[in-house]
file start-v3.tsv (TSV, C-alpha atoms)
chain	number	residue	atom	x	y	z
G	1	MET	CA	3.21	-34.22	-18.90
G	2	THR	CA	1.02	-31.10	-18.89
G	3	THR	CA	2.41	-27.68	-19.73
G	4	PRO	CA	2.10	-25.25	-16.81
G	5	ALA	CA	-0.41	-22.46	-17.38
G	6	ARG	CA	0.98	-19.05	-18.16
G	7	PRO	CA	0.99	-16.95	-14.97
G	8	ARG	CA	-1.67	-14.28	-14.95
G	9	ALA	CA	-0.05	-11.03	-16.06
G	10	GLY	CA	-1.26	-7.47	-16.10
G	11	ALA	CA	0.14	-4.29	-17.62
G	12	PHE	CA	-0.08	-0.77	-16.25
G	13	LEU	CA	-1.55	1.90	-18.54
G	14	TYR	CA	-2.73	5.50	-18.55
G	15	PRO	CA	-6.05	6.33	-20.22
G	16	TRP	CA	-4.23	8.57	-22.72
G	17	ASP	CA	-2.28	5.54	-23.94
G	18	VAL	CA	-5.56	4.16	-25.34
G	19	ASP	CA	-8.03	7.05	-25.67
G	20	GLY	CA	-7.78	8.33	-29.24
G	21	ASP	CA	-5.62	5.45	-30.48
G	22	PRO	CA	-7.80	2.83	-32.20
G	23	ALA	CA	-4.85	0.45	-32.58
G	24	ALA	CA	-3.91	0.36	-28.89
G	25	PRO	CA	-6.42	-2.20	-27.53
G	26	ALA	CA	-5.51	-4.92	-30.03
G	27	LEU	CA	-1.80	-4.25	-29.55
G	28	LEU	CA	-2.13	-4.66	-25.80
G	29	ALA	CA	-4.31	-7.75	-26.05
G	30	GLY	CA	-1.71	-9.27	-28.35
G	31	LEU	CA	1.02	-8.99	-25.73
G	32	GLY	CA	-0.29	-12.01	-23.86
G	33	VAL	CA	-1.43	-10.17	-20.74
G	34	HIS	CA	-4.70	-11.04	-19.04
G	35	GLN	CA	-5.58	-7.65	-17.59
G	36	VAL	CA	-4.80	-3.95	-17.69
G	37	THR	CA	-4.37	-1.83	-14.56
G	38	LEU	CA	-5.66	1.52	-15.82
G	39	ALA	CA	-4.95	4.76	-13.93
G	40	ALA	CA	-8.11	6.34	-12.53
G	41	ALA	CA	-6.47	8.77	-10.07
G	42	TYR	CA	-2.87	9.77	-10.71
G	43	HIS	CA	-0.23	12.28	-9.64
G	44	SER	CA	1.32	14.93	-11.89
G	45	THR	CA	3.63	13.52	-14.53
G	46	ARG	CA	5.24	14.07	-17.91
G	47	ALA	CA	4.98	10.92	-19.98
G	48	LEU	CA	5.94	9.74	-23.42
G	49	ALA	CA	3.25	8.28	-25.66
G	50	PRO	CA	5.46	6.54	-28.23
G	51	ARG	CA	2.66	5.15	-30.44
G	52	HIS	CA	-0.25	7.60	-30.10
G	53	PRO	CA	-1.34	8.98	-33.49
G	54	ALA	CA	-1.98	12.49	-32.16
G	55	ARG	CA	0.78	13.17	-29.59
G	56	ARG	CA	4.08	12.04	-28.21
G	57	VAL	CA	4.44	13.85	-24.87
G	58	VAL	CA	1.65	14.11	-22.30
G	59	THR	CA	1.97	16.67	-19.50
G	60	ALA	CA	-0.39	15.97	-16.60
G	61	GLU	CA	0.06	19.24	-14.75
G	62	HIS	CA	-1.34	18.17	-11.41
G	63	ALA	CA	-2.69	15.19	-9.51
G	64	ALA	CA	-6.15	14.45	-10.84
G	65	VAL	CA	-8.93	11.96	-11.27
G	66	LEU	CA	-9.19	10.77	-14.85
G	67	TYR	CA	-12.99	10.67	-14.84
G	68	PRO	CA	-15.63	13.23	-13.76
G	69	PRO	CA	-15.72	13.30	-9.92
G	70	ASP	CA	-19.15	13.01	-8.31
G	71	PRO	CA	-20.29	16.55	-7.35
G	72	ALA	CA	-22.61	15.25	-4.64
G	73	ARG	CA	-19.81	13.39	-2.87
G	74	TRP	CA	-17.50	16.41	-2.74
G	75	ALA	CA	-19.90	19.34	-2.37
G	76	GLY	CA	-18.91	21.74	0.42
G	77	ARG	CA	-15.65	19.97	1.27
G	78	ARG	CA	-12.38	21.90	1.58
G	79	LEU	CA	-10.38	18.97	0.21
G	80	ALA	CA	-11.57	17.28	-2.95
G	81	PRO	CA	-9.98	15.59	-5.96
G	82	TYR	CA	-9.02	17.74	-8.92
G	83	PRO	CA	-10.48	16.99	-12.36
G	84	ALA	CA	-7.95	16.39	-15.11
G	85	GLY	CA	-7.16	18.93	-17.79
G	86	ASP	CA	-6.82	18.30	-21.51
G	87	TRP	CA	-4.53	15.31	-20.89
G	88	ALA	CA	-7.58	13.25	-19.87
G	89	PRO	CA	-10.75	15.19	-20.75
G	90	GLY	CA	-14.22	14.08	-19.71
G	91	ASP	CA	-14.43	10.41	-18.77
G	92	ALA	CA	-11.14	9.36	-20.33
G	93	TRP	CA	-10.99	6.36	-17.99
G	94	ALA	CA	-14.34	5.01	-19.18
G	95	ARG	CA	-13.48	5.43	-22.85
G	96	ALA	CA	-10.18	3.62	-22.43
G	97	ALA	CA	-11.73	0.89	-20.28
G	98	GLU	CA	-14.48	0.24	-22.80
G	99	ALA	CA	-11.98	-0.02	-25.65
G	100	LEU	CA	-9.77	-2.41	-23.70
G	101	GLY	CA	-12.68	-4.49	-22.45
G	102	SER	CA	-13.88	-5.04	-26.02
G	103	THR	CA	-10.75	-7.16	-26.63
G	104	GLY	CA	-11.49	-9.46	-23.69
G	105	LEU	CA	-8.92	-7.89	-21.35
G	106	ALA	CA	-10.02	-7.47	-17.75
G	107	VAL	CA	-9.70	-3.87	-16.60
G	108	HIS	CA	-8.73	-2.93	-13.04
G	109	SER	CA	-8.46	0.62	-11.74
G	110	TRP	CA	-5.16	2.08	-10.55
G	111	VAL	CA	-5.62	4.62	-7.77
G	112	VAL	CA	-2.82	6.79	-6.38
G	113	LEU	CA	-3.76	8.18	-2.96
G	114	ALA	CA	-1.21	9.98	-0.72
G	115	HIS	CA	0.76	11.73	-3.47
G	116	ASN	CA	-0.57	15.11	-4.57
G	117	SER	CA	1.57	18.22	-5.10
G	118	ARG	CA	-1.33	20.51	-5.95
G	119	LEU	CA	-3.09	19.61	-2.72
G	120	GLY	CA	0.01	20.58	-0.75
G	121	ALA	CA	0.48	23.81	-2.69
G	122	GLU	CA	-3.11	24.96	-2.19
G	123	HIS	CA	-3.50	23.61	1.37
G	124	PRO	CA	-0.06	23.69	3.03
G	125	ASP	CA	-1.46	22.45	6.34
G	126	THR	CA	-2.11	19.05	4.74
G	127	SER	CA	1.56	18.29	4.00
G	128	VAL	CA	4.19	16.21	5.79
G	129	VAL	CA	6.60	18.51	7.70
G	130	ASN	CA	10.07	17.19	8.48
G	131	ALA	CA	12.09	17.74	11.67
G	132	HIS	CA	13.78	20.80	10.12
G	133	GLY	CA	10.39	22.42	9.44
G	134	ASP	CA	10.41	21.81	5.67
G	135	ARG	CA	7.08	20.96	4.08
G	136	TYR	CA	6.74	18.26	1.44
G	137	PRO	CA	3.83	19.50	-0.72
G	138	TRP	CA	3.75	16.24	-2.70
G	139	ALA	CA	3.18	14.18	0.47
G	140	PRO	CA	-0.19	14.60	2.23
G	141	CYS	CA	0.04	13.67	5.89
G	142	VAL	CA	-2.19	10.64	6.42
G	143	ALA	CA	-2.63	11.54	10.09
G	144	HIS	CA	-4.51	14.71	9.12
G	145	PRO	CA	-8.24	13.95	9.58
G	146	GLU	CA	-9.34	15.84	6.46
G	147	VAL	CA	-6.61	14.17	4.40
G	148	ARG	CA	-7.67	10.75	5.59
G	149	ALA	CA	-11.33	11.51	4.78
G	150	LEU	CA	-10.30	12.68	1.30
G	151	LEU	CA	-8.20	9.59	0.63
G	152	VAL	CA	-10.79	7.11	1.88
G	153	ASP	CA	-13.56	8.62	-0.25
G	154	LEU	CA	-11.23	8.95	-3.22
G	155	ALA	CA	-10.32	5.28	-2.88
G	156	ALA	CA	-13.98	4.29	-3.06
G	157	GLU	CA	-14.88	6.59	-5.94
G	158	ALA	CA	-11.82	6.09	-8.14
G	159	ALA	CA	-11.55	2.35	-7.56
G	160	VAL	CA	-15.09	1.33	-8.39
G	161	ARG	CA	-15.45	2.73	-11.89
G	162	PRO	CA	-18.00	1.18	-14.26
G	163	GLY	CA	-16.31	-1.72	-15.99
G	164	ALA	CA	-13.61	-2.27	-13.38
G	165	ALA	CA	-13.20	-5.83	-12.10
G	166	GLY	CA	-10.85	-4.80	-9.30
G	167	THR	CA	-8.49	-2.11	-8.11
G	168	GLU	CA	-4.89	-1.54	-7.08
G	169	LEU	CA	-4.34	1.15	-4.45
G	170	GLU	CA	-0.95	2.88	-4.59
G	171	SER	CA	0.48	5.16	-1.88
G	172	CYS	CA	-2.09	3.92	0.63
G	173	GLY	CA	0.06	4.92	3.59
G	174	TRP	CA	2.87	7.33	4.41
G	175	TYR	CA	4.63	9.31	1.71
G	176	GLY	CA	7.79	11.26	2.49
G	177	TYR	CA	11.11	12.56	1.26
G	178	ALA	CA	11.87	10.04	-1.47
G	179	HIS	CA	10.08	11.56	-4.44
G	180	LEU	CA	11.44	13.08	-7.62
G	181	HIS	CA	10.11	16.63	-7.64
G	182	ALA	CA	10.54	18.92	-10.67
G	183	HIS	CA	14.24	19.31	-11.53
G	184	ASP	CA	15.43	17.62	-8.35
G	185	LYS	CA	18.84	18.66	-7.03
G	186	THR	CA	18.92	16.26	-4.10
G	187	GLY	CA	21.63	13.82	-5.05
G	188	GLY	CA	24.56	15.68	-3.54
G	189	VAL	CA	24.37	13.81	-0.23
G	190	PRO	CA	23.74	10.05	-0.43
G	191	LEU	CA	20.96	8.85	1.86
G	192	ASP	CA	20.50	5.32	3.15
G	193	ASP	CA	17.18	3.86	4.27
G	194	ARG	CA	17.49	5.19	7.82
G	195	ALA	CA	18.27	8.72	6.66
G	196	ARG	CA	15.33	8.70	4.27
G	197	LEU	CA	13.03	7.51	7.05
G	198	LEU	CA	14.29	10.23	9.40
G	199	LEU	CA	13.71	12.85	6.70
G	200	SER	CA	10.21	11.49	6.18
G	201	LEU	CA	9.07	11.64	9.82
G	202	CYS	CA	6.25	14.16	10.01
G	203	PHE	CA	6.00	16.96	12.58
G	204	CYS	CA	2.73	18.56	11.57
G	205	PRO	CA	0.37	19.37	14.47
G	206	HIS	CA	-1.47	16.07	14.10
G	207	CYS	CA	1.70	13.99	14.21
G	208	ARG	CA	3.18	16.02	17.06
G	209	GLN	CA	0.06	15.23	19.05
G	210	GLY	CA	0.32	11.58	18.07
G	211	TYR	CA	3.89	11.40	19.34
G	212	ALA	CA	2.89	13.11	22.56
G	213	ASP	CA	-0.01	10.71	23.09
G	214	GLY	CA	2.49	7.87	22.72
G	215	GLY	CA	4.78	9.29	25.39
G	216	ALA	CA	7.37	11.11	23.23
G	217	ASP	CA	8.02	14.84	23.59
G	218	PRO	CA	7.69	16.14	19.99
G	219	ASP	CA	10.26	18.94	20.46
G	220	ALA	CA	12.79	16.50	21.92
G	221	LEU	CA	12.04	14.07	19.10
G	222	ALA	CA	12.57	16.71	16.39
G	223	ALA	CA	15.87	17.65	18.01
G	224	ALA	CA	16.88	13.98	18.13
G	225	VAL	CA	16.07	13.56	14.44
G	226	ARG	CA	18.15	16.61	13.52
G	227	ALA	CA	21.04	15.31	15.64
G	228	ALA	CA	20.77	11.86	14.05
G	229	LEU	CA	20.97	13.43	10.58
G	230	ALA	CA	23.89	15.73	11.38
G	231	PRO	CA	26.60	13.20	10.37
G	232	VAL	CA	24.85	12.72	7.03
G	233	TRP	CA	24.94	16.43	6.20
G	234	ALA	CA	28.55	16.65	7.36
G	235	GLY	CA	29.57	13.61	5.34
G	236	THR	CA	31.17	12.03	8.39
G	237	GLY	CA	29.01	8.95	8.78
G	238	PRO	CA	25.55	7.38	8.53
G	239	ALA	CA	22.49	8.64	10.34
G	240	GLY	CA	22.29	7.87	14.04
G	241	GLU	CA	19.56	6.16	16.03
G	242	LEU	CA	16.69	7.73	17.96
G	243	GLY	CA	17.18	5.57	21.04
G	244	ASP	CA	14.21	5.39	23.40
G	245	LEU	CA	12.22	7.76	21.18
G	246	ALA	CA	12.13	5.30	18.28
G	247	ALA	CA	9.40	3.04	19.66
G	248	PRO	CA	6.63	5.64	20.11
G	249	VAL	CA	7.48	7.23	16.75
G	250	LEU	CA	7.33	3.99	14.81
G	251	ASP	CA	4.24	2.82	16.67
G	252	TRP	CA	2.41	6.03	15.73
G	253	ARG	CA	3.35	5.71	12.09
G	254	ALA	CA	2.43	2.04	11.87
G	255	ARG	CA	-0.94	2.56	13.58
G	256	THR	CA	-1.77	5.57	11.40
G	257	ALA	CA	-0.95	3.81	8.13
G	258	ARG	CA	-2.82	0.71	9.24
G	259	ALA	CA	-5.93	2.74	10.06
G	260	LEU	CA	-5.89	4.37	6.62
G	261	GLN	CA	-5.45	1.02	4.89
G	262	GLU	CA	-8.32	-0.51	6.84
G	263	ALA	CA	-10.62	2.44	6.11
G	264	ALA	CA	-9.71	2.62	2.42
G	265	VAL	CA	-10.22	-1.09	1.79
G	266	ALA	CA	-13.51	-1.04	3.70
G	267	ALA	CA	-14.73	1.95	1.67
G	268	VAL	CA	-13.88	0.25	-1.61
G	269	ARG	CA	-15.59	-2.97	-0.55
G	270	ALA	CA	-18.71	-1.07	0.49
G	271	ALA	CA	-18.93	0.56	-2.95
G	272	ALA	CA	-17.92	-2.47	-5.03
G	273	PRO	CA	-19.95	-5.39	-6.38
G	274	PRO	CA	-19.26	-8.96	-5.21
G	275	GLY	CA	-16.06	-10.43	-6.55
G	276	PHE	CA	-14.30	-7.08	-6.93
G	277	ARG	CA	-10.59	-7.57	-6.14
G	278	VAL	CA	-8.79	-5.07	-3.90
G	279	LEU	CA	-4.97	-5.08	-4.00
G	280	LEU	CA	-2.46	-2.71	-2.42
G	281	HIS	CA	0.94	-1.70	-3.71
G	282	ALA	CA	2.89	-2.62	-0.61
G	283	ASP	CA	6.22	-3.06	1.11
G	284	PRO	CA	6.68	-5.63	3.91
G	285	ASP	CA	8.52	-3.07	6.09
G	286	PRO	CA	5.71	-1.40	8.07
G	287	TYR	CA	7.75	1.81	8.30
G	288	ALA	CA	8.44	2.15	4.58
G	289	CYS	CA	6.97	5.19	2.89
G	290	GLY	CA	6.29	5.83	-0.76
G	291	ALA	CA	4.28	4.39	-3.62
G	292	ASP	CA	4.62	0.92	-2.08
G	293	ALA	CA	3.15	1.67	1.32
G	294	GLY	CA	4.64	0.12	4.42
G	295	THR	CA	2.46	-2.70	5.74
G	296	ASP	CA	2.46	-5.61	8.12
G	297	PRO	CA	2.22	-8.57	5.70
G	298	ALA	CA	-0.02	-10.74	7.86
G	299	HIS	CA	-2.39	-7.85	8.57
G	300	ILE	CA	-2.70	-6.52	5.03
G	301	LEU	CA	-3.20	-9.99	3.54
G	302	GLY	CA	-6.01	-10.58	6.00
G	303	LEU	CA	-7.58	-7.31	4.88
G	304	ALA	CA	-7.13	-7.04	1.11
G	305	ASP	CA	-7.26	-9.65	-1.64
G	306	GLY	CA	-3.54	-9.35	-2.16
G	307	VAL	CA	-0.62	-7.03	-2.81
G	308	VAL	CA	1.61	-5.83	-5.63
G	309	ALA	CA	5.28	-5.81	-4.57
G	310	ARG	CA	8.69	-5.42	-6.12
G	311	PRO	CA	11.23	-8.21	-6.59
G	312	GLY	CA	13.24	-8.69	-3.45
G	313	ARG	CA	10.23	-7.76	-1.30
G	314	LEU	CA	8.03	-10.76	-2.10
G	315	GLY	CA	9.21	-13.27	0.53
G	316	PRO	CA	7.55	-11.79	3.66
G	317	PHE	CA	4.23	-11.58	1.81
G	318	ALA	CA	4.57	-15.11	0.42
G	319	ALA	CA	5.05	-16.39	3.97
G	320	HIS	CA	1.60	-15.05	4.95
G	321	LEU	CA	-0.31	-15.47	1.69
G	322	PRO	CA	-3.73	-17.08	2.25
G	323	ALA	CA	-5.08	-19.53	-0.27
G	324	GLY	CA	-6.71	-17.69	-3.15
G	325	SER	CA	-4.94	-14.38	-2.45
G	326	THR	CA	-2.76	-12.56	-4.96
G	327	LEU	CA	0.93	-11.72	-4.72
G	328	ALA	CA	1.78	-9.84	-7.90
G	329	ALA	CA	5.42	-9.12	-8.73
G	330	ASN	CA	5.92	-5.63	-10.18
G	331	LEU	CA	8.47	-5.95	-13.01
G	332	SER	CA	9.78	-3.02	-15.05
G	333	VAL	CA	9.72	-3.55	-18.83
G	334	VAL	CA	10.75	-0.07	-20.02
G	335	SER	CA	14.41	-0.33	-20.97
G	336	GLY	CA	14.85	3.44	-21.08
G	337	MET	CA	13.80	3.62	-17.42
G	338	GLY	CA	16.08	0.85	-16.21
G	339	GLY	CA	13.81	-2.08	-17.01
G	340	ALA	CA	14.96	-5.28	-18.65
G	341	PRO	CA	12.27	-6.63	-20.99
G	342	ALA	CA	14.79	-8.98	-22.60
G	343	ARG	CA	15.18	-10.69	-19.20
G	344	LEU	CA	11.47	-10.71	-18.40
G	345	ALA	CA	11.06	-14.50	-18.60
G	346	GLU	CA	14.00	-15.06	-16.25
G	347	ASP	CA	12.94	-12.27	-13.85
G	348	ALA	CA	9.39	-13.58	-13.84
G	349	GLY	CA	10.61	-17.09	-13.13
G	350	ARG	CA	12.56	-15.87	-10.11
G	351	ALA	CA	9.57	-13.91	-8.85
G	352	LEU	CA	7.31	-16.95	-9.18
G	353	ALA	CA	9.90	-19.05	-7.34
G	354	ASP	CA	9.82	-16.42	-4.56
G	355	GLY	CA	6.08	-16.89	-4.15
G	356	ALA	CA	4.50	-14.52	-6.67
G	357	THR	CA	1.21	-15.75	-8.09
G	358	GLU	CA	0.83	-13.08	-10.78
G	359	LEU	CA	2.91	-10.52	-12.69
G	360	ARG	CA	2.51	-6.79	-13.23
G	361	LEU	CA	4.40	-5.10	-16.03
G	362	TYR	CA	5.39	-1.47	-15.67
G	363	HIS	CA	4.52	0.14	-18.03
G	364	ALA	CA	3.05	-0.89	-21.39
G	365	GLY	CA	2.17	2.65	-22.42
G	366	LEU	CA	5.69	3.98	-21.83
G	367	ALA	CA	7.52	1.07	-23.47
G	368	SER	CA	8.96	1.22	-26.98
G	369	ASP	CA	7.86	-1.12	-29.73
G	370	ALA	CA	11.06	-3.11	-29.19
G	371	ASP	CA	10.34	-3.41	-25.46
G	372	LEU	CA	6.81	-4.64	-26.16
G	373	SER	CA	8.13	-7.18	-28.66
G	374	ALA	CA	10.42	-8.54	-25.95
G	375	VAL	CA	7.48	-8.69	-23.55
G	376	ARG	CA	5.39	-10.61	-26.05
G	377	THR	CA	8.19	-13.13	-26.57
G	378	ALA	CA	8.82	-13.52	-22.83
G	379	LEU	CA	5.18	-14.09	-21.95
G	380	ALA	CA	4.90	-16.69	-24.71
G	381	ARG	CA	7.94	-18.49	-23.22
G	382	LEU	CA	6.27	-18.51	-19.80
G	383	GLY	CA	3.13	-20.12	-21.15
call {"tool": "encode", "arguments": {"input": "start-v3.tsv", "output": "structure tokens"}}
result
Amino acid sequence: MTTPARPRAGAFLYPWDVDGDPAAPALLAGLGVHQVTLAAAYHSTRALAPRHPARRVVTAEHAAVLYPPDPARWAGRRLAPYPAGDWAPGDAWARAAEALGSTGLAVHSWVVLAHNSRLGAEHPDTSVVNAHGDRYPWAPCVAHPEVRALLVDLAAEAAVRPGAAGTELESCGWYGYAHLHAHDKTGGVPLDDRARLLLSLCFCPHCRQGYADGGADPDALAAAVRAALAPVWAGTGPAGELGDLAAPVLDWRARTARALQEAAVAAVRAAAPPGFRVLLHADPDPYACGADAGTDPAHILGLADGVVARPGRLGPFAAHLPAGSTLAANLSVVSGMGGAPARLAEDAGRALADGATELRLYHAGLASDADLSAVRTALARLG
């Protein structure tokens, strides 16, 4: 009886987890992973670096590309990616990728698209605007033509870095309310999925026109959203429904996200060499918004080479997975952030039973030594 092959596993990393730490590549290769998904374009963050010889806390002050952006591509454009500061100087991505590649690990780029607080602060017209008129500076509206052009070109440039064998596109769709934003004080009123969606519906000029083109009066729709949320703010019940206005709203959002996904994947493929894998971080609910963009499973799996999805969201993708495509289960292995590295073998087994073909481990750079030891043991058990 043959022993089943260990499922292909990848670990997420930031360039600063590796750049300047000579011991990092061998440590990561020794975990038993096959690849590293290395951030090439990432939002603002404050991150621990528990093993780096020169620092322990990295503050990425704004969304940035972690390599030098191409001046020719962005010359004369109002919206362009921001270079990183001292948290990822020069071509930090290339230095990290080269060090990781020298161990035999495959390196894929990790590209965050519609999540950029600095863009919203400097160009307020690019942001999602909710039905109450509040702007979300961290959430670029993907219906805005300039935003879409920025994201499509960013996808192509950041994904196809020298040395990358593939890419994973995060936030390739709508972003909205559900984002932790600098000392958040938003937990006073619990929000269910419907309330979060209602708070994420955009009423910028581009979306208002989109609703109107679909047969919905945007002023009446905004009023309906506010009325549907009123019981939530009062604490008297869940959010209400939008009635006849729901269909044109959801159709607009689904079509807009789908158009961005099609354009972004096409742009990456046009820039990439043969065999370059394109995956999306995705949710099977087409109206979901956030890092795992809402998609139609059959459509996105006919477009990209696969998806990365969270446990509990794998089944609809598995039902439409073509032969040779990837369904990667995103499993948290940082115990201090709610992950369970000690249960990784069991969680991975359940994900594989639900149709996953690969594993992604979030996040090797943030995990403690004890967490990584548990990962190493779990991956050995799987193989």
call {"tool": "closest_atom_pairs", "arguments": {"input": "start-v3.tsv", "of": "range 157-237 of chain G", "to": "range 136-153 of chain G", "cutoff": "9 Å", "atoms": "all atoms listed in the file", "output": "JSON lines"}}
result
{"residue": "G:Glu157", "atom": "CA", "partner": "G:Asp153", "partner_atom": "CA", "distance": 6.2}
{"residue": "G:Ala158", "atom": "CA", "partner": "G:Asp153", "partner_atom": "CA", "distance": 8.5}
{"residue": "G:Cys172", "atom": "CA", "partner": "G:Leu151", "partner_atom": "CA", "distance": 8.3}
{"residue": "G:Gly173", "atom": "CA", "partner": "G:Val142", "partner_atom": "CA", "distance": 6.8}
{"residue": "G:Trp174", "atom": "CA", "partner": "G:Val142", "partner_atom": "CA", "distance": 6.4}
{"residue": "G:Tyr175", "atom": "CA", "partner": "G:Ala139", "partner_atom": "CA", "distance": 5.2}
{"residue": "G:Gly176", "atom": "CA", "partner": "G:Ala139", "partner_atom": "CA", "distance": 5.8}
{"residue": "G:Tyr177", "atom": "CA", "partner": "G:Tyr136", "partner_atom": "CA", "distance": 7.2}
{"residue": "G:His179", "atom": "CA", "partner": "G:Trp138", "partner_atom": "CA", "distance": 8.1}
{"residue": "G:His181", "atom": "CA", "partner": "G:Trp138", "partner_atom": "CA", "distance": 8.1}
{"residue": "G:Ser200", "atom": "CA", "partner": "G:Tyr136", "partner_atom": "CA", "distance": 9.0}
{"residue": "G:Cys202", "atom": "CA", "partner": "G:Cys141", "partner_atom": "CA", "distance": 7.5}
{"residue": "G:Cys204", "atom": "CA", "partner": "G:Cys141", "partner_atom": "CA", "distance": 8.0}
{"residue": "G:Pro205", "atom": "CA", "partner": "G:His144", "partner_atom": "CA", "distance": 8.6}
{"residue": "G:His206", "atom": "CA", "partner": "G:His144", "partner_atom": "CA", "distance": 6.0}
{"residue": "G:Cys207", "atom": "CA", "partner": "G:Ala143", "partner_atom": "CA", "distance": 6.5}
{"residue": "G:Gly210", "atom": "CA", "partner": "G:Ala143", "partner_atom": "CA", "distance": 8.5}
call {"tool": "closest_residue", "arguments": {"input": "start-v3.tsv", "among": "G:Ser368, G:Ser171, G:Thr377, G:Thr45", "to": "Ala345 in chain G", "atoms": "all atoms listed in the file"}}
result
G:Thr377
call {"tool": "atom_distance", "arguments": {"input": "start-v3.tsv", "atom1": "CA of Leu28 in chain G", "atom2": "CA of Gly10 in chain G"}}
result
10.1 Å
call {"tool": "closest_residue", "arguments": {"input": "start-v3.tsv", "among": "G:Gly338, G:Asp134, G:Ala41, G:Gly166", "to": "Asn116 in chain G", "atoms": "only C-alpha atoms"}}
result
G:Ala41
call {"tool": "closest_residue", "arguments": {"input": "start-v3.tsv", "among": "G:Gln261, G:Gln35, G:Ser102, G:Ser117", "to": "His62 in chain G", "atoms": "all atoms listed in the file"}}
result
G:Ser117
call {"tool": "residues_around", "arguments": {"input": "start-v3.tsv", "residues": "Ala94 in chain G", "least_positions_apart": "3", "cutoff": "9 Å", "atoms": "only C-alpha atoms", "output": "PDB file with C-alpha atoms, in the frame of the given file"}}
result
ATOM      1  CA  PRO G  15      -6.050   6.330 -20.220  1.00  0.00           C
ATOM      2  CA  LEU G  66      -9.190  10.770 -14.850  1.00  0.00           C
ATOM      3  CA  TYR G  67     -12.990  10.670 -14.840  1.00  0.00           C
ATOM      4  CA  ASP G  91     -14.430  10.410 -18.770  1.00  0.00           C
ATOM      5  CA  ALA G  97     -11.730   0.890 -20.280  1.00  0.00           C
ATOM      6  CA  GLU G  98     -14.480   0.240 -22.800  1.00  0.00           C
ATOM      7  CA  ALA G  99     -11.980  -0.020 -25.650  1.00  0.00           C
ATOM      8  CA  ARG G 161     -15.450   2.730 -11.890  1.00  0.00           C
ATOM      9  CA  PRO G 162     -18.000   1.180 -14.260  1.00  0.00           C
ATOM     10  CA  GLY G 163     -16.310  -1.720 -15.990  1.00  0.00           C
TER      11      GLY G 163
END
call {"tool": "atom_distance", "arguments": {"input": "start-v3.tsv", "atom1": "CA of Tyr14 in chain G", "atom2": "CA of Asp371 in chain G"}}
result
17.3 Å
call {"tool": "atom_distance", "arguments": {"input": "start-v3.tsv", "atom1": "CA of Lys185 in chain G", "atom2": "CA of Ala222 in chain G"}}
result
24.3 Å
call {"tool": "axis_aligned_box", "arguments": {"input": "start-v3.tsv", "around": "range 294-301 of chain G", "padding_each_side": "5 Å", "output": "JSON"}}
result
{"center_x": 0.7, "center_y": -5.3, "center_z": 6.1, "size_x": 17.8, "size_y": 20.9, "size_z": 15.0}
call {"tool": "closest_residue", "arguments": {"input": "start-v3.tsv", "among": "G:Cys289, G:Val265, G:Val107, G:Ala298", "to": "Phe12 in chain G", "atoms": "all atoms listed in the file"}}
result
G:Val107
call {"tool": "build_atoms", "arguments": {"input": "start-v3.tsv", "residues": "range 344-351 of chain G", "atoms": "N, CA, C and O atoms", "output": "PDB file, in the frame of the given file"}}
result
ATOM      1  N   LEU G 344      12.745 -10.588 -19.092  1.00  0.00           N
ATOM      2  CA  LEU G 344      11.470 -10.710 -18.400  1.00  0.00           C
ATOM      3  C   LEU G 344      11.161 -12.159 -18.028  1.00  0.00           C
ATOM      4  O   LEU G 344      10.706 -12.434 -16.914  1.00  0.00           O
ATOM      5  N   ALA G 345      11.391 -13.106 -18.919  1.00  0.00           N
ATOM      6  CA  ALA G 345      11.060 -14.500 -18.600  1.00  0.00           C
ATOM      7  C   ALA G 345      11.870 -14.982 -17.407  1.00  0.00           C
ATOM      8  O   ALA G 345      11.328 -15.642 -16.507  1.00  0.00           O
ATOM      9  N   GLU G 346      13.148 -14.634 -17.374  1.00  0.00           N
ATOM     10  CA  GLU G 346      14.000 -15.060 -16.250  1.00  0.00           C
ATOM     11  C   GLU G 346      13.580 -14.344 -14.963  1.00  0.00           C
ATOM     12  O   GLU G 346      13.481 -14.966 -13.892  1.00  0.00           O
ATOM     13  N   ASP G 347      13.351 -13.028 -15.037  1.00  0.00           N
ATOM     14  CA  ASP G 347      12.940 -12.270 -13.850  1.00  0.00           C
ATOM     15  C   ASP G 347      11.595 -12.769 -13.332  1.00  0.00           C
ATOM     16  O   ASP G 347      11.379 -12.882 -12.116  1.00  0.00           O
ATOM     17  N   ALA G 348      10.688 -13.062 -14.243  1.00  0.00           N
ATOM     18  CA  ALA G 348       9.390 -13.580 -13.840  1.00  0.00           C
ATOM     19  C   ALA G 348       9.532 -14.950 -13.178  1.00  0.00           C
ATOM     20  O   ALA G 348       8.874 -15.245 -12.171  1.00  0.00           O
ATOM     21  N   GLY G 349      10.391 -15.774 -13.730  1.00  0.00           N
ATOM     22  CA  GLY G 349      10.610 -17.090 -13.130  1.00  0.00           C
ATOM     23  C   GLY G 349      11.124 -16.992 -11.713  1.00  0.00           C
ATOM     24  O   GLY G 349      10.693 -17.738 -10.825  1.00  0.00           O
ATOM     25  N   ARG G 350      12.050 -16.061 -11.474  1.00  0.00           N
ATOM     26  CA  ARG G 350      12.560 -15.870 -10.110  1.00  0.00           C
ATOM     27  C   ARG G 350      11.466 -15.360  -9.190  1.00  0.00           C
ATOM     28  O   ARG G 350      11.359 -15.792  -8.034  1.00  0.00           O
ATOM     29  N   ALA G 351      10.646 -14.437  -9.681  1.00  0.00           N
ATOM     30  CA  ALA G 351       9.570 -13.910  -8.850  1.00  0.00           C
ATOM     31  C   ALA G 351       8.565 -15.003  -8.494  1.00  0.00           C
ATOM     32  O   ALA G 351       8.098 -15.092  -7.346  1.00  0.00           O
TER      33      ALA G 351
END
